Amino acid sequence: MNDDVKKESALARKLRHFLDFSTQDVADIIALEQQEFSVAPRTELVSQDGEDQSYYVLLRGWAACLKLLPDGR
């Protein structure tokens, strides 16, 4: 097991209550946590109509999720 996988990941630790993780899964979560970038307020990260399969780990700040219905609600 390499040193990166030995590092504790708060996200992996929490998700382990619900899922079993392989060593590679934990390494992938740690890699996601290390990919830091900033976004401006009101930036859309994922579109409800998009086919983007990106994953993000929010380290600071907050985000909202919403869905627009066909009738505009």
# chains A, B, ... in the order shown; residues from 1 in each chain; ligands from 1
call {"tool": "select_by_dssp", "arguments": {"residues": "chain A", "states": "helix (DSSP H, G or I)", "output": "ChimeraX atom specification"}}
result
/A:3-6,10-15,23-34
call {"tool": "residues_around", "arguments": {"residues": "range 27-35 of chain A", "least_positions_apart": "4", "cutoff": "8 Å", "atoms": "only C-alpha atoms", "output": "list in words"}}
result
Asp4, Val5, Ser9, Leu11, Ala12, Thr23, Tyr55, Tyr56, Val57 and Leu59 of chain A
call {"tool": "write_last_selection", "arguments": {"atoms": "C-alpha atoms", "output": "PDB file, in the first residue's frame"}}
result
ATOM      1  CA  ASP A   4      -1.057   8.276  -0.373  1.00  0.00           C
ATOM      2  CA  VAL A   5      -3.551   5.491   0.304  1.00  0.00           C
ATOM      3  CA  SER A   9      -9.675  10.733   3.913  1.00  0.00           C
ATOM      4  CA  LEU A  11     -14.879  11.532   2.913  1.00  0.00           C
ATOM      5  CA  ALA A  12     -13.796   7.894   2.532  1.00  0.00           C
ATOM      6  CA  THR A  23      -7.450   0.414  -1.920  1.00  0.00           C
ATOM      7  CA  TYR A  55     -16.989  14.469  -9.743  1.00  0.00           C
ATOM      8  CA  TYR A  56     -16.062  17.133  -7.226  1.00  0.00           C
ATOM      9  CA  VAL A  57     -15.198  17.201  -3.551  1.00  0.00           C
ATOM     10  CA  LEU A  59     -13.488  21.530   0.482  1.00  0.00           C
TER      11      LEU A  59
END
call {"tool": "residues_around", "arguments": {"residues": "Leu66 in chain A", "least_positions_apart": "2", "cutoff": "12 Å", "atoms": "only C-alpha atoms", "output": "list of chain:residue names"}}
result
A:Glu44, A:Leu45, A:Val46, A:Ser47, A:Gln48, A:Ala63, A:Ala64, A:Leu68, A:Leu69, A:Arg73
call {"tool": "closest_residue", "arguments": {"among": "A:Ser38, A:Arg16, A:Ala10, A:Phe21", "to": "Arg60 in chain A", "atoms": "only C-alpha atoms"}}
result
A:Ser38
call {"tool": "atom_distance", "arguments": {"atom1": "CA of Arg13 in chain A", "atom2": "CA of Leu58 in chain A"}}
result
15.7 Å
